[in-house]
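Input: a single structure, listed below in structure tokens.
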Amino acid sequence: MTNIFPDIYFLHKLADVADAETLPRFRSHIDLEIQTKLKKNVSFDPVTIADKAAEYAMRKMITEYYPDHSIMGEEFGAIENGEIRWILDPIDGTRPYLLGIPVWGTLIGLEHNDKMCLGMLSQPFTNERFWSDGESTFHQYNKVQKKLKIQRNKKISEAILHINCTSSNLI
């Protein structure tokens, strides 16, 4: 690729390769090997073959197109190469993923000089994607894209909030 800085279409390509690894394994018995990551104060932090395969596929594509970029991933750690850094979480919501509950997705972020520039959430089971380019935010459902409007609520009672928390330390 000739561009040093990727565009949102590249994030869609990354989401496509991650979706190709995660969706076929969701609610199936394919590769149902579960491991636990060792984390301080967390007794069970599952990682699946789908997590690893999706992150590997995204890393492979990034290093092929942008070999000078850094990558920080949930499953394989960090590769520090430059001022442009990819942040990857192949399955955000591994526990619901394991239980067959469709509240999981792939998170992809792009940071330049410690400032987030692009971000995407891909939810292949619901066929949705959300992304922002730093100026506007979009939602895509069944390949139909809409720009989202952000409503500024003046009262917390007018806001809608959802928290999916699995740590008793945070409650």
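Lettering and numbering for the structure tokens are positional, with chains as A, B, ... in the shown order, residues counted from 1 in each chain, and ligands counted from 1 in the shown order.
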
Can you pull out every residue within 10 Å of segment 145-147 of chain A, counting only C-alpha atoms, but drop anything in the same chain fewer than 5 positions away, and send it as a ChimeraX atom specification?
/A:128-132,136-140

Give me, as a PyMOL selection string, all polymer residues having an atom no more than 9 Å from Tyr56 of chain A, counting only C-alpha atoms and skipping those fewer than 3 positions away in the same chain.
chain A and resi 18+51-53+59-61+75-76

Return as a ChimeraX atom specification the full set of residues in chain A whose backbone-based DSSP assignment is strand (DSSP E).
/A:34-36,46-48,70-73,77-79,84-92,105-112,115-123,128-132,137-141,144-147

12 Å contact set for Ala54 of chain A, only C-alpha atoms, chain neighbours under 4 positions out, as JSON, numbers by chain
{"A": [14, 15, 16, 17, 18, 19, 20, 21, 22, 23, 24, 25, 47, 48, 49, 50, 58, 59, 60, 61, 73, 74, 75, 76, 88, 89, 90, 91, 92, 105, 106, 107, 108]}

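Taking atom CA of Gln151 of chain A and atom CA of Asp114 of chain A as endpoints, the distance between them is 27.1 Å.
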
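Neighbours of Lys115 of chain A closer than or equal to 10 Å, with only C-alpha atoms counted and sequence neighbours fewer than 3 positions away skipped, come out as Ile84, Arg85, Leu110, Glu111, His112, Leu118 and Gly134 of chain A.
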
If you count only C-alpha atoms, the residue of A:Leu121, A:Pro96, A:Thr63, A:Ile156 closest to Glu80 of chain A turns out to be A:Thr63

Check the DSSP output for the backbone and give back, as an MDAnalysis selection string, the residues of segment 12-123 of chain A in helix (DSSP H, G or I).
chainID A and resid 12:25 49:65 94:99

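Computed from the coordinates, the atom CA of Leu98 of chain A to atom CA of Phe10 of chain A distance equals 28.1 Å.
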